[in-house]
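A.B. asks: Structure file data_21.txt (compact mmCIF, C-alpha atoms and all ligand atoms) right here:
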# COMPACT_ATOMS: atom_id res chain seq x y z
CA MET Q 288 -0.71 -0.31 16.76
CA SER Q 289 2.34 1.36 15.33
CA ASP Q 290 3.23 2.70 11.95
CA ILE Q 291 5.62 0.84 9.72
CA GLN Q 292 8.53 2.67 8.11
CA ALA Q 293 9.39 2.44 4.42
CA ASP Q 294 12.91 1.42 3.44
CA SER Q 295 15.40 4.23 2.81
CA LEU Q 296 15.88 5.51 -0.72
CA GLU Q 297 19.37 4.00 -0.70
CA GLN Q 298 17.96 0.54 0.12
CA LEU Q 299 15.12 0.93 -2.33
CA ARG Q 300 17.48 1.71 -5.18
CA LEU Q 301 19.04 -1.75 -4.63
CA ARG Q 302 15.69 -3.44 -5.32
CA ARG Q 303 15.43 -5.33 -8.60
CA SER Q 304 11.73 -4.77 -9.29
CA ALA Q 305 10.69 -2.91 -12.43
CA LYS Q 306 9.58 0.01 -10.28
CA TRP Q 307 13.16 0.57 -9.14
CA ARG Q 308 14.99 -0.42 -12.35
CA GLY Q 309 12.62 1.07 -14.90
CA PHE Q 310 13.72 4.70 -14.66
CA ASP Q 311 16.94 6.74 -14.75
CA SER Q 312 18.67 6.78 -11.38
CA ASP Q 313 17.77 10.42 -10.71
CA VAL Q 314 14.02 9.72 -11.05
CA LEU Q 315 11.80 9.13 -8.03
CA PRO Q 316 9.45 6.32 -9.09
CA LEU Q 317 5.86 6.51 -7.79
CA PRO Q 318 3.85 4.65 -10.40
CA VAL Q 319 3.81 0.80 -10.20
CA ALA Q 320 1.48 -0.39 -7.40
CA GLU Q 321 3.92 -2.03 -5.05
CA MET Q 322 5.01 -0.91 -1.60
CA ASP Q 323 8.31 0.47 -0.38
CA PHE Q 324 7.79 -1.13 3.04
CA PRO Q 325 9.76 -4.17 4.20
CA ILE Q 326 7.60 -7.31 3.94
CA ALA Q 327 6.07 -8.91 7.04
CA GLU Q 328 8.43 -10.98 9.23
CA PRO Q 329 6.38 -14.23 9.13
CA ILE Q 330 6.40 -14.06 5.32
CA LYS Q 331 10.12 -13.42 5.25
CA ARG Q 332 10.64 -16.43 7.53
CA VAL Q 333 8.63 -18.89 5.43
CA LEU Q 334 10.40 -17.77 2.25
CA ILE Q 335 13.88 -17.99 3.78
CA ASP Q 336 13.05 -21.41 5.20
CA MET Q 337 11.85 -22.68 1.83
CA ILE Q 338 14.87 -21.28 -0.01
CA GLU Q 339 17.30 -22.72 2.53
CA ARG Q 340 15.75 -26.16 2.07
CA SER Q 341 15.66 -25.77 -1.74
CA ASP Q 342 11.90 -26.21 -1.50
CA VAL Q 343 11.13 -24.49 -4.79
CA GLY Q 344 9.47 -27.16 -6.91
CA TYR Q 345 5.92 -27.21 -8.26
CA GLY Q 346 3.23 -26.24 -5.80
CA GLY Q 347 0.21 -27.94 -7.33
CA ILE Q 348 -2.98 -27.94 -5.31
CA ILE Q 349 -2.44 -26.45 -1.83
CA PRO Q 350 -5.44 -26.93 0.49
CA GLU Q 351 -3.82 -24.84 3.24
CA PHE Q 352 -3.92 -21.82 0.95
CA ALA Q 353 -7.67 -22.10 0.33
CA ILE Q 354 -8.32 -22.68 4.02
CA ALA Q 355 -6.21 -19.65 5.00
CA PHE Q 356 -8.07 -17.37 2.59
CA SER Q 357 -11.45 -18.73 3.70
CA LYS Q 358 -10.58 -18.04 7.30
CA TYR Q 359 -9.32 -14.55 6.51
CA ALA Q 360 -12.49 -13.77 4.52
CA HIS Q 361 -14.66 -15.00 7.35
CA ASP Q 362 -12.81 -13.04 10.04
CA MET Q 363 -12.45 -9.80 8.07
CA TRP Q 364 -15.62 -9.62 6.02
CA ASP Q 365 -17.96 -12.25 7.45
CA TRP Q 366 -17.75 -13.97 4.07
CA ASP Q 367 -18.08 -17.74 4.26
CA ILE Q 368 -16.24 -19.50 1.47
CA ASP Q 369 -16.11 -23.20 0.75
CA PRO Q 370 -12.35 -23.84 0.37
CA GLU Q 371 -13.28 -26.29 -2.41
CA GLN Q 372 -14.39 -23.23 -4.40
CA VAL Q 373 -11.00 -21.51 -4.24
CA ARG Q 374 -8.67 -22.11 -7.20
CA LEU Q 375 -5.09 -20.97 -7.55
CA ALA Q 376 -3.85 -18.88 -10.47
CA THR Q 377 -0.56 -17.25 -11.38
CA ASP Q 378 -1.71 -13.73 -10.66
CA VAL Q 379 -4.89 -11.71 -10.85
CA GLY Q 380 -4.18 -10.76 -14.46
CA VAL Q 381 -3.93 -14.41 -15.48
CA ALA Q 382 -7.02 -15.21 -13.38
CA GLY Q 383 -8.97 -12.48 -15.18
CA VAL Q 384 -7.89 -13.55 -18.66
CA GLU Q 385 -8.43 -17.27 -18.01
CA VAL Q 386 -11.90 -16.69 -16.56
CA LEU Q 387 -12.82 -14.50 -19.54
CA ARG Q 388 -11.58 -17.21 -21.90
CA ALA Q 389 -13.56 -19.85 -20.04
CA ILE Q 390 -16.88 -18.02 -20.22
CA CYS Q 391 -16.70 -15.83 -23.34
CA TRP Q 392 -16.52 -16.26 -27.07
CA PRO Q 393 -14.38 -13.88 -29.14
CA SER Q 394 -16.08 -10.48 -29.57
CA ASP Q 395 -18.26 -10.91 -26.49
CA LYS Q 396 -18.81 -7.61 -24.68
CA VAL Q 397 -17.14 -6.94 -21.34
CA VAL Q 398 -18.28 -3.92 -19.34
CA ILE Q 399 -15.82 -1.84 -17.31
CA ASN Q 400 -16.05 1.49 -15.48
CA SER Q 401 -13.37 4.00 -16.46
CA PRO Q 402 -11.22 5.50 -15.15
CA VAL Q 403 -10.08 2.00 -14.26
CA TYR Q 404 -6.98 -0.16 -13.76
CA HIS Q 405 -5.35 0.14 -17.18
CA ASN Q 406 -4.67 -3.58 -17.59
CA PHE Q 407 -8.41 -4.33 -17.71
CA TYR Q 408 -8.22 -3.10 -21.31
CA ASN Q 409 -5.30 -5.47 -21.96
CA TRP Q 410 -6.96 -8.48 -20.32
CA ILE Q 411 -10.13 -8.04 -22.40
CA LYS Q 412 -8.08 -7.71 -25.57
CA GLU Q 413 -6.03 -10.79 -24.64
CA ALA Q 414 -9.29 -12.77 -24.32
CA HIS Q 415 -10.38 -11.41 -27.76
CA CYS Q 416 -13.40 -9.70 -26.25
CA ASP Q 417 -14.64 -6.13 -26.72
CA VAL Q 418 -14.60 -3.36 -24.11
CA VAL Q 419 -17.84 -1.57 -23.29
CA ASP Q 420 -17.07 1.39 -21.07
CA VAL Q 421 -19.65 2.68 -18.62
CA PRO Q 422 -17.69 5.56 -17.04
CA LEU Q 423 -18.07 6.25 -13.35
CA LEU Q 424 -19.91 9.44 -12.40
CA ASN Q 425 -17.85 12.05 -10.58
CA ASP Q 426 -19.31 14.79 -8.39
CA SER Q 427 -17.69 17.99 -7.17
CA ASN Q 428 -16.77 16.37 -3.83
CA GLY Q 429 -14.52 13.88 -5.59
CA THR Q 430 -16.95 10.99 -5.15
CA TRP Q 431 -16.96 8.47 -7.99
CA THR Q 432 -20.08 6.32 -8.29
CA LEU Q 433 -21.68 3.85 -10.64
CA ASP Q 434 -24.00 5.08 -13.37
CA PHE Q 435 -26.74 2.48 -12.93
CA VAL Q 436 -28.80 3.73 -15.86
CA ALA Q 437 -25.88 3.33 -18.26
CA LEU Q 438 -24.89 0.04 -16.62
CA GLU Q 439 -28.33 -1.44 -17.16
CA LYS Q 440 -28.32 -0.22 -20.74
CA ALA Q 441 -24.96 -1.92 -21.36
CA PHE Q 442 -26.26 -5.15 -19.82
CA ALA Q 443 -29.46 -4.95 -21.85
CA ASP Q 444 -27.40 -4.36 -25.01
CA GLY Q 445 -25.90 -7.83 -24.72
CA ALA Q 446 -22.92 -7.61 -22.36
CA LYS Q 447 -21.57 -11.01 -21.42
CA VAL Q 448 -19.41 -9.99 -18.48
CA TYR Q 449 -19.14 -7.09 -16.06
CA LEU Q 450 -15.53 -6.74 -14.91
CA MET Q 451 -15.84 -4.83 -11.67
CA CYS Q 452 -12.94 -3.26 -9.79
CA SER Q 453 -13.87 -3.44 -6.12
CA PRO Q 454 -12.47 -1.47 -4.37
CA HIS Q 455 -11.88 0.67 -7.40
CA ASN Q 456 -8.39 1.41 -8.71
CA PRO Q 457 -7.55 4.28 -9.22
CA VAL Q 458 -10.38 6.27 -7.62
CA GLY Q 459 -10.67 4.21 -4.41
CA THR Q 460 -14.47 3.84 -4.33
CA VAL Q 461 -15.67 1.08 -2.01
CA PHE Q 462 -19.03 -0.16 -3.30
CA SER Q 463 -21.78 -0.63 -0.75
CA ARG Q 464 -23.74 -3.81 -0.12
CA GLU Q 465 -26.83 -2.15 -1.64
CA GLU Q 466 -25.01 -1.12 -4.80
CA GLN Q 467 -23.57 -4.59 -5.24
CA SER Q 468 -26.91 -6.23 -4.59
CA ARG Q 469 -28.39 -4.04 -7.32
CA ILE Q 470 -25.57 -5.08 -9.67
CA ALA Q 471 -26.21 -8.75 -8.91
CA ASN Q 472 -29.93 -8.40 -9.65
CA LEU Q 473 -29.24 -6.62 -12.93
CA ALA Q 474 -26.67 -9.25 -13.87
CA LYS Q 475 -29.19 -12.01 -13.24
CA LYS Q 476 -31.88 -10.20 -15.20
CA TYR Q 477 -29.66 -9.83 -18.27
CA ASN Q 478 -27.62 -13.03 -17.91
CA VAL Q 479 -24.32 -11.25 -17.27
CA VAL Q 480 -21.42 -12.80 -15.32
CA VAL Q 481 -19.85 -10.45 -12.78
CA ILE Q 482 -16.09 -10.84 -12.32
CA SER Q 483 -15.20 -8.89 -9.21
CA ASP Q 484 -11.50 -8.01 -8.94
CA GLU Q 485 -11.02 -7.57 -5.19
CA ILE Q 486 -7.24 -7.40 -5.03
CA HIS Q 487 -7.37 -4.09 -3.12
CA ALA Q 488 -9.94 -5.28 -0.57
CA PRO Q 489 -7.64 -5.70 2.47
CA LEU Q 490 -6.40 -2.15 1.78
CA THR Q 491 -9.70 -0.58 2.86
CA PHE Q 492 -9.26 1.97 5.64
CA ASP Q 493 -12.40 1.09 7.55
CA ASN Q 494 -14.75 -1.86 7.67
CA SER Q 495 -16.74 -0.77 4.66
CA PHE Q 496 -15.56 -3.36 2.14
CA VAL Q 497 -18.18 -5.96 1.18
CA PRO Q 498 -17.11 -8.92 -1.00
CA PHE Q 499 -19.42 -9.36 -3.98
CA LEU Q 500 -20.00 -13.04 -3.23
CA ALA Q 501 -21.06 -12.16 0.33
CA VAL Q 502 -23.87 -9.89 -0.87
CA SER Q 503 -26.69 -12.32 -1.72
CA ASP Q 504 -27.59 -15.68 -3.20
CA VAL Q 505 -28.06 -13.92 -6.51
CA ALA Q 506 -24.52 -12.51 -6.34
CA ARG Q 507 -23.17 -16.00 -5.65
CA GLU Q 508 -25.12 -17.26 -8.65
CA VAL Q 509 -23.79 -14.64 -11.09
CA GLY Q 510 -20.39 -13.78 -9.59
CA ILE Q 511 -16.75 -14.82 -9.61
CA CYS Q 512 -14.13 -13.20 -7.41
CA ILE Q 513 -10.53 -12.84 -8.53
CA THR Q 514 -8.10 -11.65 -5.90
CA ALA Q 515 -4.71 -12.16 -4.25
CA ALA Q 516 -2.66 -11.36 -1.18
CA SER Q 517 -0.05 -9.85 -3.46
CA LYS Q 518 -1.18 -6.20 -3.37
CA SER Q 519 -1.75 -5.94 0.36
CA TRP Q 520 1.32 -7.87 1.50
CA ASN Q 521 3.53 -6.73 -1.38
CA LEU Q 522 4.19 -10.10 -2.97
CA ALA Q 523 3.50 -9.34 -6.64
CA GLY Q 524 6.75 -10.92 -7.84
CA LEU Q 525 5.89 -14.21 -6.13
CA LYS Q 526 3.02 -14.94 -8.52
CA CYS Q 527 -0.01 -16.31 -6.78
CA ALA Q 528 -3.70 -15.38 -6.89
CA GLN Q 529 -7.06 -17.01 -6.42
CA ILE Q 530 -10.33 -17.46 -8.31
CA VAL Q 531 -13.29 -17.90 -5.98
CA THR Q 532 -16.85 -18.99 -6.71
CA GLY Q 533 -19.86 -19.13 -4.41
CA SER Q 534 -22.28 -21.48 -6.15
CA LEU Q 535 -21.92 -25.03 -7.43
CA ASP Q 536 -23.18 -23.99 -10.85
CA MET Q 537 -20.55 -21.26 -11.24
CA LYS Q 538 -17.89 -23.63 -9.90
CA ALA Q 539 -18.90 -26.16 -12.56
CA ARG Q 540 -18.84 -23.46 -15.22
CA LEU Q 541 -15.22 -22.79 -14.33
CA ASP Q 542 -14.34 -26.41 -14.92
CA ALA Q 543 -13.78 -25.09 -18.44
CA LEU Q 544 -10.56 -23.53 -17.12
CA PRO Q 545 -7.40 -25.30 -18.28
CA ILE Q 546 -6.27 -27.82 -15.65
CA SER Q 547 -2.83 -26.23 -15.75
CA VAL Q 548 -4.10 -22.96 -14.21
CA PRO Q 549 -3.33 -23.79 -10.54
CA TRP Q 550 -0.03 -25.38 -11.51
CA ARG Q 551 1.13 -22.09 -12.96
CA ALA Q 552 1.09 -20.36 -9.59
CA SER Q 553 4.39 -20.21 -7.74
CA ILE Q 554 4.97 -22.41 -4.70
CA LEU Q 555 6.71 -19.49 -2.98
CA GLY Q 556 3.77 -17.21 -3.69
CA ALA Q 557 1.21 -19.71 -2.50
CA TRP Q 558 2.94 -20.32 0.81
CA ALA Q 559 3.81 -16.66 1.32
CA SER Q 560 0.14 -15.82 0.72
CA THR Q 561 -1.00 -18.55 3.11
CA VAL Q 562 1.20 -17.03 5.82
CA ALA Q 563 -0.01 -13.54 4.92
CA TYR Q 564 -3.64 -14.49 5.53
CA ASN Q 565 -2.84 -16.43 8.70
CA GLU Q 566 -0.10 -14.37 10.32
CA GLY Q 567 0.16 -11.08 8.41
CA ARG Q 568 -2.80 -9.21 9.85
CA GLU Q 569 -0.89 -7.21 12.44
CA TRP Q 570 1.68 -6.13 9.87
CA LEU Q 571 -1.09 -5.02 7.53
CA ALA Q 572 -2.79 -3.05 10.31
CA ASP Q 573 0.49 -1.22 10.90
CA VAL Q 574 0.86 -0.57 7.18
CA MET Q 575 -2.69 0.82 7.04
CA ASN Q 576 -1.75 3.27 9.81
CA SER Q 577 1.21 4.47 7.78
CA LEU Q 578 -0.89 4.70 4.63
CA SER Q 579 -3.56 6.64 6.44
CA ASP Q 580 -0.95 9.13 7.66
CA ASN Q 581 0.44 9.32 4.15
CA ARG Q 582 -2.88 10.16 2.50
CA ALA Q 583 -3.32 13.07 4.91
CA PHE Q 584 0.29 14.08 4.35
CA ILE Q 585 -0.02 14.28 0.57
CA LYS Q 586 -3.31 16.14 0.85
CA ASN Q 587 -1.55 18.72 2.99
CA GLN Q 588 1.62 18.90 0.86
CA LEU Q 589 -0.36 19.27 -2.35
CA ALA Q 590 -2.44 22.07 -0.82
CA ILE Q 591 0.74 23.93 0.11
CA HIS Q 592 2.93 23.29 -2.92
CA VAL Q 593 0.62 22.41 -5.81
CA PRO Q 594 -2.53 24.28 -4.77
CA LYS Q 595 -4.46 23.86 -8.00
CA ALA Q 596 -4.19 20.05 -7.82
CA ARG Q 597 -7.48 18.37 -6.85
CA TYR Q 598 -7.07 15.35 -4.63
CA PHE Q 599 -9.83 13.75 -2.58
CA ILE Q 600 -8.83 11.23 0.04
CA SER Q 601 -10.48 7.89 -0.69
CA ASN Q 602 -11.30 5.01 1.59
CA SER Q 603 -9.10 2.35 0.04
CA THR Q 604 -5.86 1.59 -1.81
CA TYR Q 605 -2.51 3.38 -1.57
CA LEU Q 606 -3.11 5.14 -4.86
CA ALA Q 607 -3.93 8.83 -5.05
CA TRP Q 608 -5.89 10.02 -8.07
CA ILE Q 609 -4.92 13.62 -8.69
CA ASP Q 610 -6.60 16.01 -11.11
CA LEU Q 611 -4.12 18.49 -12.59
CA SER Q 612 -6.39 19.96 -15.24
CA ALA Q 613 -6.22 23.43 -13.67
CA TYR Q 614 -2.57 23.55 -14.79
CA GLY Q 615 -3.60 23.17 -18.45
CA ILE Q 616 -0.86 20.69 -19.38
CA GLU Q 617 -1.76 18.05 -21.94
CA ASP Q 618 0.22 15.10 -20.53
CA PRO Q 619 1.21 16.11 -17.00
CA ALA Q 620 2.87 12.78 -16.10
CA LYS Q 621 5.19 13.07 -19.09
CA VAL Q 622 6.08 16.70 -18.45
CA ILE Q 623 6.65 16.12 -14.72
CA LEU Q 624 8.88 13.13 -15.49
CA GLU Q 625 10.91 15.02 -18.07
CA LYS Q 626 11.33 18.26 -16.14
CA GLY Q 627 10.88 17.23 -12.52
CA ARG Q 628 12.39 13.72 -12.55
CA VAL Q 629 9.52 12.08 -10.72
CA ALA Q 630 7.40 9.32 -12.26
CA PHE Q 631 3.64 8.93 -11.82
CA ASN Q 632 1.10 6.98 -13.86
CA ASN Q 633 -0.46 8.87 -16.72
CA GLY Q 634 -4.16 9.23 -15.92
CA ALA Q 635 -5.16 8.89 -19.57
CA ASP Q 636 -4.05 5.23 -19.48
CA PHE Q 637 -7.04 4.55 -17.20
CA GLY Q 638 -9.55 5.75 -19.77
CA PRO Q 639 -10.82 9.04 -21.21
CA ALA Q 640 -11.84 10.49 -17.82
CA GLY Q 641 -8.20 10.17 -16.75
CA GLU Q 642 -6.96 12.92 -19.07
CA ASN Q 643 -4.99 15.54 -17.10
CA HIS Q 644 -4.79 13.26 -14.07
CA ILE Q 645 -1.91 11.40 -12.51
CA ARG Q 646 -1.91 8.41 -10.17
CA LEU Q 647 0.52 8.59 -7.28
CA ASN Q 648 1.53 5.56 -5.21
CA PHE Q 649 1.82 6.65 -1.57
CA ALA Q 650 3.02 3.33 -0.10
CA THR Q 651 6.38 4.87 0.62
CA SER Q 652 8.07 7.23 3.09
CA GLN Q 653 6.90 10.77 3.74
CA GLU Q 654 10.43 11.87 2.85
CA ILE Q 655 10.01 10.49 -0.66
CA LEU Q 656 6.47 11.86 -0.92
CA ALA Q 657 7.60 15.32 0.16
CA GLU Q 658 10.42 15.31 -2.37
CA ALA Q 659 8.11 14.05 -5.14
CA ILE Q 660 5.59 16.81 -4.47
CA GLN Q 661 8.34 19.43 -4.36
CA ARG Q 662 9.57 18.24 -7.74
CA MET Q 663 6.02 18.31 -9.08
CA ALA Q 664 5.65 21.88 -7.80
CA SER Q 665 8.92 22.91 -9.42
CA VAL Q 666 7.37 22.01 -12.79
CA LEU Q 667 3.74 23.03 -12.30
CA GLU Q 668 4.22 26.17 -10.26
CA ALA Q 669 7.33 27.41 -12.15
C1 LIG X 1 -7.40 -3.88 -9.77
C2 LIG X 1 -6.11 -4.62 -10.01
N1 LIG X 1 -6.17 -5.88 -10.45
C3 LIG X 1 -5.05 -6.59 -10.67
C4 LIG X 1 -3.81 -6.03 -10.45
C5 LIG X 1 -2.58 -6.81 -10.76
O1 LIG X 1 -2.56 -8.00 -10.10
P1 LIG X 1 -1.52 -9.12 -10.49
O2 LIG X 1 -0.16 -8.55 -10.35
O3 LIG X 1 -1.82 -10.20 -9.52
O4 LIG X 1 -1.85 -9.51 -11.91
C6 LIG X 1 -3.71 -4.73 -9.98
C7 LIG X 1 -2.39 -4.11 -9.75
O5 LIG X 1 -2.25 -3.02 -9.35
C8 LIG X 1 -4.90 -4.01 -9.76
O6 LIG X 1 -4.87 -2.75 -9.31
Would you write the structure of this file as structure tokens?

C.D. replies:
Amino acid sequence: MSDIQADSLEQLRLRRSAKWRGFDSDVLPLPVAEMDFPIAEPIKRVLIDMIERSDVGYGGIIPEFAIAFSKYAHDMWDWDIDPEQVRLATDVGVAGVEVLRAICWPSDKVVINSPVYHNFYNWIKEAHCDVVDVPLLNDSNGTWTLDFVALEKAFADGAKVYLMCSPHNPVGTVFSREEQSRIANLAKKYNVVVISDEIHAPLTFDNSFVPFLAVSDVAREVGICITAASKSWNLAGLKCAQIVTGSLDMKARLDALPISVPWRASILGAWASTVAYNEGREWLADVMNSLSDNRAFIKNQLAIHVPKARYFISNSTYLAWIDLSAYGIEDPAKVILEKGRVAFNNGADFGPAGENHIRLNFATSQEILAEAIQRMASVLEA
């Protein structure tokens, strides 16, 4: 296996995504979770072929997509899915909001674990539900784990849904089979639906990822998976995701979804994702090599140039969660952007435990990472 190289800064600055157009031209952008690598050749080919034949109408129901994901899930995670239980959606955000709308009433309680993907707060608000935060526990080795006592209390206090981020963005925790089995049993006991957002699953650095619906019959009874190929194969702009169930009862419950949901996915996204699952595995393995090198690289660069930063390498995602509290700056992302001209996510957007943290996207070149860390150092170590 070989590493894959990110595009040059010059090429990247020609991109039209928000990541590359959202900042002044002297800013290095490392927030939005998309990659600076060129997309996989088989995906490029299917897209070019479709464009050349003006094949850009409505996609509708695409059995090949469900079959491709089922096969991928079986091969990668030993998870057997009935393709009939895979539904298309526009993106994981839309999938999350539509599923919440289908199973909740306004003001129902939805449990999350901060610090967590900031849009979870927005999805829950969009579905007119209420957030119940059960923060993750953090130990001195940088391990973030579930607080089962608080989780059970939140379930017992009337939660309707547990919106789980698995693997967890931004901290990278990969939940074990045992932990997830415990969650499933608690969910059944208290009549909670578990929505497991598994968009980062293929970005796990070893074989430790376990899909929630592969954990047990109970998990299949209480759970719904929302996921997409978009994060791992860098297709976010193509708009396609999937909602997966593992029991006939849960499938029937989701018949409450508007019939337009699959029609709102993009035909380009659906076919690009189908090819990703079928033919994109080698490319992703190469990308994972590069990402693995990059996590070690930033660990090393931070230790040299920003020594008071605390960063623990995690086992998934290309997002580094960095604690800058030792520098005593109230909003480090803002100060580093203003003075150092490098953009990171503001940790506080991920919940209260994110104060004084930044999130850095390392799906880029080591040249850009080195420059970003230098710029950070020029502000923090000045
Ligand atoms: C956990 C999680 N869910 C969903 C998304 C967004 O997915 P989509 O663009 O398909 O809405 C992200 C993006 O980073 C994410 O980290």

A.B. asks: Looking at only C-alpha atoms, which of Q:Val481, Q:Leu450, Q:Val398, Q:Ala557 is the one that sits closest to Tyr345 in chain Q?

C.D. replies: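 For Tyr345 in chain Q, the nearest of the given residues is Q:Ala557.
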
A.B. asks: Give the residue list for ligand LIG 1 (chain X) at 6 Å, counting only C-alpha atoms and all ligand atoms, as a list in words, sorted by chain and then by residue number.

C.D. replies: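 Within the 6 Å cut-off, the matching residues are Ala320, Asp378, Val379, Gly380, Tyr404, Cys452, Asn456, Asp484, Ile486 and Ala523 of chain Q.
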
A.B. asks: Return the single residue from Q:Val333, Q:Ala376, Q:Ile338, Q:Ala596 that is closest to Ile513 in chain Q, with distances computed using all atoms listed in the file.

C.D. replies: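 Among Q:Val333, Q:Ala376, Q:Ile338, Q:Ala596, it is Q:Ala376 that comes nearest to Ile513 in chain Q.
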
A.B. asks: Please determine, counting only C-alpha atoms, which residue among Q:Ala389, Q:Ala446, Q:Ala515, Q:Ala583 has the shortest atom-to-atom distance to Ser560 in chain Q.

C.D. replies: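 Checking each of Q:Ala389, Q:Ala446, Q:Ala515, Q:Ala583 against Ser560 in chain Q, counting only C-alpha atoms, the winner is Q:Ala515.
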
A.B. asks: Could you jot down the CA of Ser517 in chain Q to CA of Ala552 in chain Q separation for me, Å, one decimal place?

C.D. replies: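 CA of Ser517 in chain Q sits 12.2 Å away from CA of Ala552 in chain Q.
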
A.B. asks: Closest to Pro545 in chain Q among Q:Gly309, Q:Glu385, Q:Arg332, Q:Leu301, using only C-alpha atoms?

C.D. replies: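 Using only C-alpha atoms, the shortest distance to Pro545 in chain Q belongs to Q:Glu385.
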
A.B. asks: To one decimal place in Å, what is the distance between CA of Gly459 in chain Q and CA of Ser519 in chain Q?

C.D. replies: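 Pair CA of Gly459 in chain Q / CA of Ser519 in chain Q returns 14.3 Å.
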
A.B. asks: Which polymer residues have any atom within 9 Å of an atom of Leu624 in chain Q, counting all atoms listed in the file, with same-chain residues fewer than 5 positions away left out, as a list in words?

C.D. replies: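 Result of the neighbour search: Val314, Leu315, Pro619, Val629, Ala630, Phe631 and Met663 of chain Q.
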
A.B. asks: Can you pull out every residue within 10 Å of Ile326 in chain Q, counting only C-alpha atoms, but drop anything in the same chain fewer than 4 positions away, and send it as a list in words?

C.D. replies: Ala293, Met322, Ile330, Lys331, Trp520, Asn521, Leu522, Ala563, Gly567, Trp570 and Leu571 of chain Q

A.B. asks: My list of candidates is Q:Asp573, Q:Asp434, Q:Asp504, Q:Glu668. Which is closest to Ile291 in chain Q when distances are computed with only C-alpha atoms?

C.D. replies: Q:Asp573

A.B. asks: Find the residues near Asp580 in chain Q: any atom within 10 Å, counting all atoms listed in the file, skip ones fewer than 5 places away on the same chain, and give them as a PyMOL selection string.

C.D. replies: chain Q and resi 290+574-575+585+649+653
